[in-house]
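Worksheet: the structure to be examined is printed underneath.
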Amino acid sequence: MEQDDSESKQSPSNQTPATPRTPAPTPAIRLDPAELLNQEITLEEMLSQAGSGAGHGELVQLPQEEPRNPDALDDRRRSDVNEWGRSEHMREIARRVYDPIYKHWFRVEWEGLEKIPEGGALLVANHAAAIPSDAPVIMHGIETELNRPVYGLADNFFRTIPVVGTIWNRLGGLPAHPDNAYRLLREQDQLVLVFPEGTKGPSKTYSERYQLRRFGRGGFVEIAMRAGVPVVPIAVVGAEESMPTLFRVPSIARALGVPYLPVTANMLVAGPLGLVSYFPSKFKLKVLDPVHFDVPADRDRYSRSRVMDESEAIRDRIQAALYTMLRERRSVWFG
Amino acid sequence: MPDQPPSPTRLTRRASDALEIDPDGPRRRVLVTGLGTFWGGRVAQALEANPAVEVIVGLDTTEPTVELERTEYVRVDANYSILSRIVRATRVDTIIHTFLVMDPTQMSQRAMHEINVIGTMNLFAAASAASSTVRSVIVKSSTVVYGCAPEDPVWFTESTARSRPAREPIERSLEAVEGYVRDFAEDNPHVNVALLRFSNVIGAELETPLTRLLQLPVVPSIFGFDPRFQFVHEDDVIKSLLFAFNNDLPGVFNVAGDGLLPWSEVAALCGKRTVALPPVATGFLTSPLRQLGVLDLPEEYEGLLKYGRGVDNHRLKNFGFRYEHTSTEAVEAFIRAVRLRKVVGENEPSYRYERDVEQFFRHSPAVRKDRRQA
């Protein structure tokens with residue numbers, strides 16, 4: 001049996017005397033133009049490579065993979081944009097820019113951060129302010145205090161805006177799709193932040209502040225059940241007053257194709273600058289006890305009534321916590 | 001089409017059946033469509049090297065472009081009207097369907113419809129005829145079927161439905177093809193059907209709209225968007241088709257390299273700058289460039305250049321498949337080949353199909369059949 005040099009180098013263990021037949025040569029499958037002419041790989045070699053050096057046995061046991069690190073990059077990469085589009089470099093810049101706002105403008109105070117469990121968890125909070133100020137506060141707070149990245153799931157409307165959508169994605173924002181949440185929570189043990197009120201939260205007017213809207217269709221409970229992770233409710237006080245909506249202009253919103261178009265107090269005070277500037281309301285955040293669901297993960301469907309009950313219970317707990325915090329709050333600006 | 005997570009029991013039986021290449025056992029008779037294309041030719045070459053494959057019949061409208069030793073080439077019209085006769089006469093047990101057009105810029109919509117939809121329909125009509133001996137079908141589809149929309153997940157799994165209805169001709173065409181595949185699988189439970197969806201294929205040889213974009217002096221992008229792209233190396237495509245053949249993979253599989261690369265990074269890997277196209281009315285504004293032939297941007301790329309697309313490749317990996325290339329490595333392999341071509345020029349095809357010569361080598365009694373063993 002004649003062996004080509006390149007062939008035996010490729011997988012010497014594969015050429016056992018038990019295979020008397022020399023397979024016919026086939027043109028190179030790993031194609032590099034320079035090597036094209038003198039490299040030969042046989043089908044059987046390819047097969048054995050496909051089985052990753054193992055025999056038939058290993059094909060049978062399906063490899064159960066370790067929780068994967070989404071930041072593990074191919075060492076040939078030119079940027080650090082990870083598999084979710086988040087870039088630690090961009091995040092670092094954002095942290096530096098945002099930290100003074102977090103510390104000195106909103107003067108954020110957390111309570112119960114230690115309740116956020118190790119491993120994957122779905123963070124759920126109330127949502128407010130015309131341009132929501134709560135998402136950056138929660139993401140920045142947990143990243144700096146716990147040193148863990150938080151992926152924020154948002155309305156996919158974000159993604160359609162040039163520049164903003166890309167920056168949002170680089171900073172850890174993702175379209176709210178159940179597949180994204182499942183993979184982050186189940187396979188990668190990450191923290192994922194969702195606002196179950198969706199755009200109904202930030203679009204409400206000042207007179208409706210701290211009145212939680214409907215929690216969607218309870219999709220977040222179903223995702224947490226399927227991923228086998230707890231839901232961690234967070235009550236946020238302060239966001240409502242940072243950019244209060246006085247009234248909405250639905251006709252222009254429709255014409256522009258945006259979910260809602262608010263006229264905010266900030267606009268009255270600061271004119272066009274009001275679009276991007278918040279009032280310095282005092283932020284207080286309270287992490288409530290995690291909710292564990294005693295159901296097997298990875299089911300296709302969960303009992304609708306159970307999902308709705310759990311969703312409603314979580315909503316009630318956040319609402320109750322908000323009322324308690326508001327009862328104790330002496331001033332919007334000083335807490 | 002069955003698309004449950006891989007069931008270990010089924011896999012055990014299948015895998016051990018297929019991996020034991022028994023010289024005295026039944027040998028496979030394979031029909032490859034699109035023999036004249038890059039894919040069909042490469043698959044047939046690889047099958048020729050497999051002693052467990054007894055007969056390879058290749059169909060195409062054009063002649064093969066690679067040298068083949070024992071594959072029988074049959075010239076057919078684009079939509080395979082004589083296919084059922086061929087299947088009956090050759091008694092093939094496996095069909096590898098690679099003749100699907102993924103690049104809509106190369107032909108009219110009508111021609112693409114004939115090849116993709118009508119061709120596949122006739123193929124499955126022949127394969128499901130009462131006398132059919134077909135027991136295994138492998139179809140090479142594309143992740144284009146997932147579409148591209150802002151609502152999309154970062155990673156499509158095989159069972160994720162697309163977010164918006166298909167609009168582009170290529171998407172609708174492939175959707176119709178997959179519909180036929182599903183129907184066929186449902187109506188013929190005794191046939192093992194594997195549907196492989198390939199992500200953006202790139203490599204040393206293949207030319208696609210994407211590789212043409214990356215060879216322009218500047219690479220077009222859309223202002224304010226930096227979508228993430230996934231690639232699969234052309235060799236991994238062939239390898240996965242053969243893997244599906246050898247292991248009788250059941251169901252739908254995404255085939256794509258690990259990792260998603262921002263478009264700006266893809267351009268940087270290729271040593272190119274990007275030039276931003278306006279984010280609104282992109283199609284309208286680029287159509288003059290398209291007319292002039294400067295920019296060959298298929299319609300579906302507009303969405304892709306905004307939102308990109310990622311597919312989850314775990315299902316195939318869980319069956320034991322190993323990729324040779326990540327997305328980054330696939331792009332690097334492409335750019336290395338581009339650099340070489342820049343210096344030495346396009347390499348001339350060293351092979352031309354001559355009907356008489358091929359007939360002589362295959363069928364003349366003067367040719368010693370054991371020449372491959374020599």
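By convention here, the chains of the structure tokens are called A, B, ... in the order presented, each chain's residues are numbered starting at 1, and ligands are numbered starting at 1 in the order presented.
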**Request:** Restrict the distance test to only C-alpha atoms, flag each residue of chain B within 7 Å of chain A, and return the flagged residues as a count of residues only.
**Result:** 30
**Prompt:** Running DSSP on the backbone, which parts of region 77-262 of chain B land in strand (DSSP E or B), as an NGL selection string?
**Reply:** :B and (94-97 or 136-142 or 156 or 192-198 or 200-202 or 219-222 or 228-229 or 231-233 or 251-255 or 261-262)
**Asked** Counting only C-alpha atoms, what is within 8 Å of region 200-209 of chain A, bar same-chain residues fewer than 2 positions away, as a PyMOL selection string?
**Response** chain A and resi 126-132+197-198+211-213+240-241+244-248+260-262
Dump as a short mmCIF file (atom, residue, chain, number, x, y, z; two decimals), in the first residue's frame, selection limited to N, CA and C atoms:
```
data_model
loop_
_atom_site.label_atom_id
_atom_site.label_comp_id
_atom_site.auth_asym_id
_atom_site.auth_seq_id
_atom_site.Cartn_x
_atom_site.Cartn_y
_atom_site.Cartn_z
N ASN A 126 -40.06 47.17 35.87
CA ASN A 126 -41.04 48.11 35.31
C ASN A 126 -40.30 49.08 34.39
N HIS A 127 -41.03 49.63 33.45
CA HIS A 127 -40.42 50.34 32.36
C HIS A 127 -41.03 51.74 32.29
N ALA A 128 -40.19 52.76 32.20
CA ALA A 128 -40.74 54.11 32.19
C ALA A 128 -39.83 55.10 31.50
N ALA A 129 -40.29 56.33 31.40
CA ALA A 129 -39.66 57.47 30.75
C ALA A 129 -39.77 57.35 29.24
N ALA A 130 -40.04 58.50 28.60
CA ALA A 130 -40.33 58.51 27.17
C ALA A 130 -39.23 57.84 26.38
N ILE A 131 -37.98 58.21 26.66
CA ILE A 131 -36.85 57.41 26.16
C ILE A 131 -36.34 56.70 27.41
N PRO A 132 -36.58 55.40 27.52
CA PRO A 132 -36.40 54.72 28.80
C PRO A 132 -35.01 54.94 29.39
N GLU A 197 -43.70 44.99 30.09
CA GLU A 197 -44.71 45.95 29.64
C GLU A 197 -44.49 46.34 28.19
N GLY A 198 -43.27 46.17 27.70
CA GLY A 198 -42.95 46.58 26.32
C GLY A 198 -43.09 48.08 26.17
N GLN A 211 -48.00 53.05 37.49
CA GLN A 211 -49.11 52.11 37.33
C GLN A 211 -48.68 51.11 36.27
N LEU A 212 -48.37 49.91 36.70
CA LEU A 212 -47.86 48.92 35.74
C LEU A 212 -48.91 48.60 34.69
N ARG A 213 -48.45 48.49 33.46
CA ARG A 213 -49.32 48.05 32.36
C ARG A 213 -49.41 46.53 32.36
N GLU A 240 -39.62 57.28 36.05
CA GLU A 240 -40.83 57.97 35.58
C GLU A 240 -40.62 59.49 35.52
N GLU A 241 -39.91 60.02 36.53
CA GLU A 241 -39.77 61.47 36.62
C GLU A 241 -38.59 61.98 35.80
N PRO A 244 -40.77 62.71 31.91
CA PRO A 244 -42.21 62.43 31.94
C PRO A 244 -42.90 62.84 30.63
N THR A 245 -43.80 62.00 30.19
CA THR A 245 -44.57 62.29 28.98
C THR A 245 -45.80 63.09 29.38
N LEU A 246 -45.99 64.27 28.77
CA LEU A 246 -47.18 65.06 29.08
C LEU A 246 -48.37 64.57 28.26
N PHE A 247 -48.15 64.42 26.97
CA PHE A 247 -49.18 63.82 26.12
C PHE A 247 -48.53 63.19 24.90
N ARG A 248 -49.30 62.42 24.18
CA ARG A 248 -48.77 61.73 23.00
C ARG A 248 -49.43 62.29 21.75
N TYR A 260 -44.55 55.26 19.38
CA TYR A 260 -45.29 56.33 20.04
C TYR A 260 -44.48 57.60 19.91
N LEU A 261 -45.16 58.75 19.94
CA LEU A 261 -44.44 60.01 19.88
C LEU A 261 -44.87 60.88 21.07
N PRO A 262 -44.00 61.00 22.07
CA PRO A 262 -44.38 61.75 23.27
C PRO A 262 -44.00 63.21 23.17
#
```
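Nearest to Phe334 (chain A) of all the residues A:Val237, A:Ile142, A:Leu275, A:Ala227 is A:Val237, based on only C-alpha atoms.
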**Message:** Excluding Ile116 (chain A) and its own-chain neighbours fewer than 2 positions away, which residues fall within 8 Å of it when counting only C-alpha atoms? Please give them as number ranges by chain.
**Reply:** A: 112-114, 118, 121, 232, 287, 290
**Message:** List as JSON, numbers by chain the protein and nucleic acid residues near region 160-162 of chain B, meaning an atom at most 8 Å away when only C-alpha atoms are counted, but skip any in the same chain fewer than 4 places from it.
**Reply:** {"B": [145, 146, 147, 148, 152, 156]}
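The protein and nucleic acid residues lying at most 9 Å from Val266 (chain B) are A:Arg78, B:Leu214, B:Phe229, B:Leu261, B:Pro262, B:Trp263, B:Leu269, B:Cys270, B:Gly271, B:Lys272, B:Thr328, B:Val331, with only C-alpha atoms considered and sequence neighbours fewer than 3 positions away removed.
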Exercise: region 149-151 of chain A partners within 6 Å, only C-alpha atoms, chain neighbours under 6 positions left out, as a PDB file with C-alpha atoms, in the first residue's frame:
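Dumped to result-v9.pdb:
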```pdb
ATOM      1  CA  MET A 139     -27.342  47.286  32.789  1.00  0.00           C
ATOM      2  CA  GLU A 143     -22.117  45.364  35.228  1.00  0.00           C
ATOM      3  CA  GLY A 172     -25.552  44.507  24.718  1.00  0.00           C
ATOM      4  CA  GLY A 173     -28.994  45.178  23.289  1.00  0.00           C
ATOM      5  CA  LEU A 191     -28.273  37.705  32.754  1.00  0.00           C
ATOM      6  CA  VAL A 192     -31.031  38.894  30.469  1.00  0.00           C
TER       7      VAL A 192
END
```
